[in-house]
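Notes follow the structure.
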Protein chains: 2
Amino acid sequence: MPRRPTIADVAKLAGVSRATVSFVLNNRPGVAVTTQGRVRSAAAELGWTPSTSARALSTGRAHALGLVLTREPELIGTDPFYPAFMAGIESVISATGDGLMLQMSRPGKEADTYRALAADRRVDGVFLTDLRADDTRPALVAELGLPAVVVGAPETDTGLPTVNLDDRPAVRDAVLHLAQLGHRDIAYVAGPDQYSHARRRTQAWSEALAEAGLPAGTLLPGGFTAEGGARATRMLLDLPVPPTAIVYGNDLSATAGMAVAQNAGLRLPDDLSVVGFDDVPLASYTSPPLTTCRANPVSWGRASAQALVEAVRTGGAANLELEPATLVVRGSTGPAPVRAV
Amino acid sequence: MPRRPTIADVAKLAGVSRATVSFVLNNRPGVAVTTQGRVRSAAAELGWTPSTSARALSTGRAHALGLVLTREPELIGTDPFYPAFMAGIESVISATGDGLMLQMSRPGKEADTYRALAADRRVDGVFLTDLRADDTRPALVAELGLPAVVVGAPETDTGLPTVNLDDRPAVRDAVLHLAQLGHRDIAYVAGPDQYSHARRRTQAWSEALAEAGLPAGTLLPGGFTAEGGARATRMLLDLPVPPTAIVYGNDLSATAGMAVAQNAGLRLPDDLSVVGFDDVPLASYTSPPLTTCRANPVSWGRASAQALVEAVRTGGAANLELEPATLVVRGSTGPAPVRAV
DNA sequence: TCAGCCATTTAAACCGGTTCAAACGCCGGG
DNA sequence: CCCGGCGTTTGAACCGGTTTAAATGGCTGA
């Protein structure tokens with residue numbers, strides 16, 4: 001196992017000093033073209049790549065970004081957001097040569113995680129996802145001097161660059177779509193209330209009801225889980241006057257809710273209309289296919305990564321508003337059943 | 001923004017040399033207890049944590065492990081494996097103080113990814129997941145001198161430490177369970193054939209059929225996707241004599257398959273029995289609840305991380321066999337329909 | 001009293017890059 | 001012929017740790 005080459009080996013082979021090699025590598029002006037050529041071919045011949053840790057030490061930049069997954073263990077893995085989001089990040093940082101450091105953390109323990117990331121200087125900046133009401137993380141990263149980008153949650157001003165993708169238009173369209181189909185009793189099964197994005201979707205539902213001139217609907221927590229969706233659905237169906245349509249905070253809850261309704265003997269969408277959120281791959285293949293809302297987490301990851309890279313480089317970045325989520329109408333929504341008066 | 005403290009600051013405050021601080025930090029023997037105390041409280045007072053990059057440079061270890069996601073973009077995110085697996089990894093490396101570097105890579109381009117990881121010395125070792133037939137990665141990491149642990153795929157001897165979790169007993173149990181219910185025509189909707197684990201499940205199905213004294217069943221590709229599962233199911237139901245039971249390579253395909261069957265007017269499990277694989281959170285909440293196979297990806301991640309840490313430290317690790325996957329019987333399997341003769 | 005030993009501590013080199021001030025070689029102009 | 005200036009190159013310091021060999025100092029036994 002030959003020792004891997006260092007900048008000194010390249011310098012020797014090219015017949016220049018280490019400084020010159022470094023200049024060429026970072027294409028700094030002021031190096032003769034012929035010298036550049038010699039250095040580059042020497043580097044290529046030796047297969048030399050600068051050591052990340054050495055470079056990190058002297059530049060003070062880790063060349064890595066941090067993503068902390070603060071979601072509850074049982075929620076992580078049910079959510080299609082993160083993998084897609086990470087794919088978006090990757091598409092950006094693979095170009096800049098940065099790495100992505102992943103940390104998992106249980107809610108509540110997160111502050112330590114960020115503190116550790118900052119203290120170790122393992123990352124140059126972090127993504128803040130799943131912001132919650134009164135989230136302490138924006139203040140924390142500010143205190144730590146750690147560049148950060150907030151993913152979502154634009155209304156609470158954090159003083160940090162924010163990349164936002166508005167869920168609300170899709171939820172609003174879903175409600176209006178149902179209203180147009182004649183539904184007047186549209187319930188909502190919400191995600192965990194502490195998440196800003198979950199609350200925002202709930203709010204969009206309630207505002208859209210008002211906009212459509214409909215009475216307030218029943219609101220139940222579904223926790224973004226299958227179990228929560230199922231339980232909420234059972235409760236809704238047990239009401240003296242059950243809703244004719246249910247909008248869910250995500251597809252997982254919605255799919256579970258559909259199963260509950262079908263087990264209860266309801267036909268979808270004839271007896272009950274259902275709308276989800278996320279447009280998971282399964283959504284087109286449920287029975288009936290799920291009407292749902294589609295965001296673009298890949299573009300979100302891409303934009304967030306660009307913003308964070310920018311923030312690391314310049315100390316700040318502009319807020320960015322992405323294309324909002326849209327409604328995808330499929331078979332799980334239909335005309336409201338004619339109800340005995 | 002005060003400059004963050006270095007080891008020199010701690011040394012000065014404690015009235016010792018930098019070397020002593022380093023010794024205390026790595027709890028090396030030969031430092032007086034009183035000195036240790038002074039150093040530790042000085043470090044605590046300054047809130048000092050050693051810089052990862054400096055440490056990485058002098059020790060030659062990056063204190064990070066690499067996970068390359070080589071799955072197709074459309075498959076990533078539909079699979080509950082990785083998040084759970086990463087949670088398992090995290091539980092180990094959070095104790096050792098290591099980090100987890102994530103890289104995404106399209107199949108085919110992966111060699112470059114590993115090469116880059118190794119060249120940059122960004123990670124001390126890598127997890128090799130989703131091994132495929134004639135996978136070049138084991139040879140590659142061996143050539144690069146990069147410690148690695150193979151996750152799954154025990155039968156193809158890679159010369160690398162392997163952590164395995166046997167899917168087959170669960171699939172076998174599923175087939176025997178169906179046979180006992182009177183099914184004689186049990187089809188299989190397989191995952192992508194190039195993945196070793198997908199092939200192994202297929203093989204388990206076919207062997208179990210033989211063991212149960214049943215004729216060979218129909219085998220169709222489902223690609224581990226919803227769409228593939230739906231398509232395969234349609235083809236199976238269109239057969240002159242459709243199977244009375246279908247085993248799917250994963251829950252996603254199975255769920256999509258269930259929807260297709262129900263849309264075709266079949267009642268489950270009366271007309272058709274269905275078995276999945278993974279036991280995703282949704283599985284208990286489909287209609288009917290999905291009979292499926294359950295592995296433990298968290299324990300897999302934990303064991304793999306332990307093995308990789310060991311391999312990095314000592315240059316090798318023992319192979320490890322985890323508790324095999326088990327069958328979870330729910331409502332989607334039932335007695336075979338009585339068929340007109 | 002002093003050599004010798006042990007426990008403890010330290011100075012200095014090293015890891016592999018980056019960066020700045022200084023040196024170099026070469027040119028044209030005075 | 002010498003000097004100033006420019007384009008190019010380089011020596012050396014520096015980043016913040018680890019590690020080794022050597023120095024220090026206190027104690028014991030002869």
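Ordering of the structure tokens sets the chain letters (A, B, ...), residue numbers begin anew at 1 in every chain, and ligands are numbered from 1 in the order given.
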For chain A against chain D, with a cut-off of 8 Å and counting only C-alpha atoms (C1' of nucleotides), what is the closest atom pair and its distance in Å to one decimal for every residue that makes the cut, ordered by chain and number, as CSV?
residue,atom,partner,partner_atom,distance
A:Ser17,CA,D:DT10,C1',6.4
A:Ala19,CA,D:DT10,C1',7.2
A:Thr20,CA,D:DT9,C1',7.2
A:Gly30,CA,D:DT8,C1',6.7
A:Val31,CA,D:DT8,C1',6.3
A:Ala32,CA,D:DT8,C1',6.8
A:Leu57,CA,D:DC15,C1',5.3
A:Ser58,CA,D:DC15,C1',4.5
A:Thr59,CA,D:DC15,C1',7.4
A:Gly60,CA,D:DC15,C1',7.5
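For C:DG16, the list of residues within 8 Å, based on only C-alpha atoms (C1' of nucleotides) and with local chain neighbours fewer than 3 positions off taken out, reads Thr6, Ile7, Ser51, Ala54 and Arg55 of chain A; Leu57 of chain B.
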Given the selection you just returned, output its residues as a file containing N, CA, C and O atoms, formatted as a CSV table (one decimal), in the first residue's frame.
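Wrote it out as part_1.csv, contents follow:
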chain,number,residue,atom,x,y,z
A,6,THR,N,1.5,13.6,-1.6
A,6,THR,CA,1.1,14.9,-1.0
A,6,THR,C,1.5,16.0,-1.9
A,6,THR,O,2.1,15.7,-3.0
A,7,ILE,N,1.2,17.1,-1.5
A,7,ILE,CA,1.5,18.3,-2.4
A,7,ILE,C,3.0,18.4,-2.7
A,7,ILE,O,3.4,18.9,-3.7
A,51,SER,N,-5.7,16.7,0.4
A,51,SER,CA,-6.3,16.1,1.6
A,51,SER,C,-7.4,17.1,2.2
A,51,SER,O,-7.0,18.2,2.5
A,54,ALA,N,-6.4,18.5,5.7
A,54,ALA,CA,-5.3,19.5,5.7
A,54,ALA,C,-5.9,20.8,5.2
A,54,ALA,O,-5.6,21.9,5.8
A,55,ARG,N,-6.6,20.7,4.2
A,55,ARG,CA,-7.2,21.9,3.6
A,55,ARG,C,-8.1,22.6,4.6
A,55,ARG,O,-8.1,23.8,4.8
B,57,LEU,N,-6.0,15.8,10.7
B,57,LEU,CA,-4.8,15.9,10.0
B,57,LEU,C,-3.7,15.2,10.7
B,57,LEU,O,-2.9,14.5,10.0
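For the pair atom CA of B:Val280 and atom CA of A:Gly229, the interatomic distance is 15.0 Å.
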Return as number ranges by chain the full set of residues in stretch 122-289 of chain A whose backbone-based DSSP assignment is strand (DSSP E or B).
-> A: 125-128, 132, 148-151, 162-165, 186-190, 195, 219-221, 245-248, 273-275
Find the spatial neighbours of A:Met101, counting only C-alpha atoms (C1' of nucleotides), within a cut-off of 7 Å - ignore same-chain residues fewer than 2 positions away - and output them as a ChimeraX atom specification.
-> /A:64-67,99,103 /B:99-102
Chain B residues near chain A within 7 Å, closest pair each, using only C-alpha atoms, as CSV:
residue,atom,partner,partner_atom,distance
B:Thr49,CA,A:Ala119,CA,6.0
B:Pro50,CA,A:Asp120,CA,6.5
B:Ser51,CA,A:Asp120,CA,5.1
B:Thr52,CA,A:Asp120,CA,5.3
B:Ser53,CA,A:Ser53,CA,5.1
B:Ala54,CA,A:Leu57,CA,5.6
B:Ala56,CA,A:Ser53,CA,5.9
B:Leu57,CA,A:Ser53,CA,5.4
B:Ile76,CA,A:Pro83,CA,6.4
B:Gly77,CA,A:Pro83,CA,5.0
B:Thr78,CA,A:Pro80,CA,6.7
B:Pro80,CA,A:Gly77,CA,5.0
B:Pro83,CA,A:Gly77,CA,5.0
B:Ala84,CA,A:Gly77,CA,6.5
B:Ala87,CA,A:Met104,CA,6.8
B:Glu90,CA,A:Met104,CA,6.5
B:Gly99,CA,A:Met101,CA,6.8
B:Leu100,CA,A:Leu102,CA,5.5
B:Met101,CA,A:Met101,CA,4.7
B:Leu102,CA,A:Leu100,CA,5.5
B:Met104,CA,A:Glu90,CA,6.5
B:Ala119,CA,A:Thr49,CA,6.1
B:Asp120,CA,A:Ser51,CA,5.2
B:Arg121,CA,A:Ser51,CA,6.4
B:Arg122,CA,A:Thr52,CA,6.2
B:Ala226,CA,A:Leu282,CA,5.6
B:Leu252,CA,A:Leu282,CA,6.9
B:Ala256,CA,A:Tyr285,CA,5.0
B:Ala259,CA,A:Ser287,CA,4.7
B:Asn263,CA,A:Ser287,CA,6.5
B:Pro281,CA,A:Ala226,CA,6.6
B:Leu282,CA,A:Ala226,CA,5.6
B:Tyr285,CA,A:Ala256,CA,5.0
B:Thr286,CA,A:Ala259,CA,5.2
B:Ser287,CA,A:Ala259,CA,4.7
Could the residues in this selection be saved with N, CA and C atoms as a tab-separated table (two decimals), in the first residue's frame?
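And here's selection.tsv as it stands now:
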chain	number	residue	atom	x	y	z
B	49	THR	N	-13.47	22.30	22.62
B	49	THR	CA	-13.58	20.98	21.99
B	49	THR	C	-12.52	20.93	20.92
B	50	PRO	N	-11.79	19.85	20.83
B	50	PRO	CA	-10.73	19.81	19.81
B	50	PRO	C	-11.30	19.94	18.41
B	51	SER	N	-10.60	20.65	17.57
B	51	SER	CA	-11.03	20.81	16.19
B	51	SER	C	-10.88	19.50	15.43
B	52	THR	N	-11.98	19.10	14.82
B	52	THR	CA	-11.96	17.83	14.11
B	52	THR	C	-10.94	17.82	13.00
B	53	SER	N	-10.82	18.94	12.30
B	53	SER	CA	-9.92	18.90	11.14
B	53	SER	C	-8.47	18.82	11.59
B	54	ALA	N	-8.13	19.53	12.65
B	54	ALA	CA	-6.76	19.46	13.14
B	54	ALA	C	-6.45	18.04	13.60
B	56	ALA	N	-7.93	15.39	12.63
B	56	ALA	CA	-7.92	14.51	11.46
B	56	ALA	C	-6.57	14.59	10.76
B	57	LEU	N	-6.05	15.79	10.68
B	57	LEU	CA	-4.78	15.95	9.96
B	57	LEU	C	-3.65	15.21	10.67
B	76	ILE	N	-35.15	5.60	-4.19
B	76	ILE	CA	-34.79	6.20	-2.90
B	76	ILE	C	-36.00	6.97	-2.41
B	77	GLY	N	-36.30	6.84	-1.18
B	77	GLY	CA	-37.43	7.58	-0.67
B	77	GLY	C	-38.68	6.74	-0.59
B	78	THR	N	-38.71	5.66	-1.33
B	78	THR	CA	-39.85	4.77	-1.21
B	78	THR	C	-39.49	3.65	-0.26
B	80	PRO	N	-38.15	2.17	3.22
B	80	PRO	CA	-37.99	2.51	4.63
B	80	PRO	C	-36.65	2.03	5.18
B	83	PRO	N	-33.54	5.11	6.11
B	83	PRO	CA	-33.68	5.93	7.31
B	83	PRO	C	-33.49	5.11	8.59
B	84	ALA	N	-34.09	3.94	8.63
B	84	ALA	CA	-33.95	3.11	9.82
B	84	ALA	C	-32.51	2.65	9.99
B	87	ALA	N	-30.48	5.39	11.32
B	87	ALA	CA	-30.73	5.60	12.74
B	87	ALA	C	-29.90	4.62	13.56
B	90	GLU	N	-26.30	5.77	13.53
B	90	GLU	CA	-26.16	6.94	14.38
B	90	GLU	C	-26.04	6.57	15.85
B	99	GLY	N	-18.68	10.96	12.64
B	99	GLY	CA	-19.76	11.55	11.86
B	99	GLY	C	-20.15	10.62	10.73
B	100	LEU	N	-21.28	10.91	10.14
B	100	LEU	CA	-21.74	10.10	9.01
B	100	LEU	C	-21.80	10.98	7.77
B	101	MET	N	-21.00	10.64	6.77
B	101	MET	CA	-21.02	11.40	5.52
B	101	MET	C	-21.90	10.69	4.52
B	102	LEU	N	-22.79	11.46	3.94
B	102	LEU	CA	-23.71	10.86	3.00
B	102	LEU	C	-23.36	11.27	1.59
B	104	MET	N	-24.75	10.62	-2.47
B	104	MET	CA	-25.70	9.95	-3.34
B	104	MET	C	-25.03	9.74	-4.67
B	119	ALA	N	-9.94	9.25	-1.91
B	119	ALA	CA	-8.87	10.18	-2.25
B	119	ALA	C	-8.86	11.37	-1.30
B	120	ASP	N	-10.03	11.89	-1.02
B	120	ASP	CA	-10.11	13.04	-0.12
B	120	ASP	C	-9.82	12.66	1.31
B	121	ARG	N	-9.87	11.38	1.58
B	121	ARG	CA	-9.73	10.90	2.96
B	121	ARG	C	-10.75	11.60	3.85
B	122	ARG	N	-11.91	11.71	3.31
B	122	ARG	CA	-13.00	12.36	4.02
B	122	ARG	C	-13.61	11.42	5.04
B	226	ALA	N	-44.17	0.83	-6.84
B	226	ALA	CA	-45.62	0.73	-6.85
B	226	ALA	C	-46.09	0.39	-8.26
B	252	LEU	N	-44.34	-1.93	-0.81
B	252	LEU	CA	-44.81	-0.94	-1.77
B	252	LEU	C	-45.48	-1.62	-2.96
B	256	ALA	N	-49.62	-1.66	-3.84
B	256	ALA	CA	-50.12	-1.31	-5.17
B	256	ALA	C	-50.86	-2.49	-5.79
B	259	ALA	N	-54.35	-2.86	-4.48
B	259	ALA	CA	-55.27	-1.90	-5.07
B	259	ALA	C	-55.74	-2.38	-6.44
B	263	ASN	N	-59.53	-3.13	-7.41
B	263	ASN	CA	-60.15	-2.44	-8.54
B	263	ASN	C	-60.73	-3.45	-9.52
B	281	PRO	N	-44.74	1.20	8.08
B	281	PRO	CA	-45.74	1.67	9.05
B	281	PRO	C	-47.18	1.56	8.52
B	282	LEU	N	-47.32	1.71	7.23
B	282	LEU	CA	-48.65	1.67	6.66
B	282	LEU	C	-49.23	0.25	6.65
B	285	TYR	N	-52.21	-0.74	8.39
B	285	TYR	CA	-53.35	0.14	8.16
B	285	TYR	C	-53.85	0.12	6.73
B	286	THR	N	-53.49	-0.89	5.98
B	286	THR	CA	-54.11	-1.04	4.67
B	286	THR	C	-55.42	-1.81	4.89
B	287	SER	N	-56.16	-1.94	3.83
B	287	SER	CA	-57.42	-2.67	3.95
B	287	SER	C	-57.44	-3.80	2.94
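Any residue of chain C with an atom no more than 8 Å from chain B counts as a contact; using only C-alpha atoms (C1' of nucleotides), that gives DA7, DT8, DT9, DT10, DC14, DC15 and DG16 of chain C.
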Identify, on the basis of only C-alpha atoms (C1' of nucleotides), every residue whose closest approach to B:Val21 does not exceed 10 Å; exclude the query and any residue fewer than 5 positions from it along the same chain; express the result as a PyMOL selection string.
-> chain B and resi 7-8+10-12+14-16+26-27+31+35-36+38-40+42-43
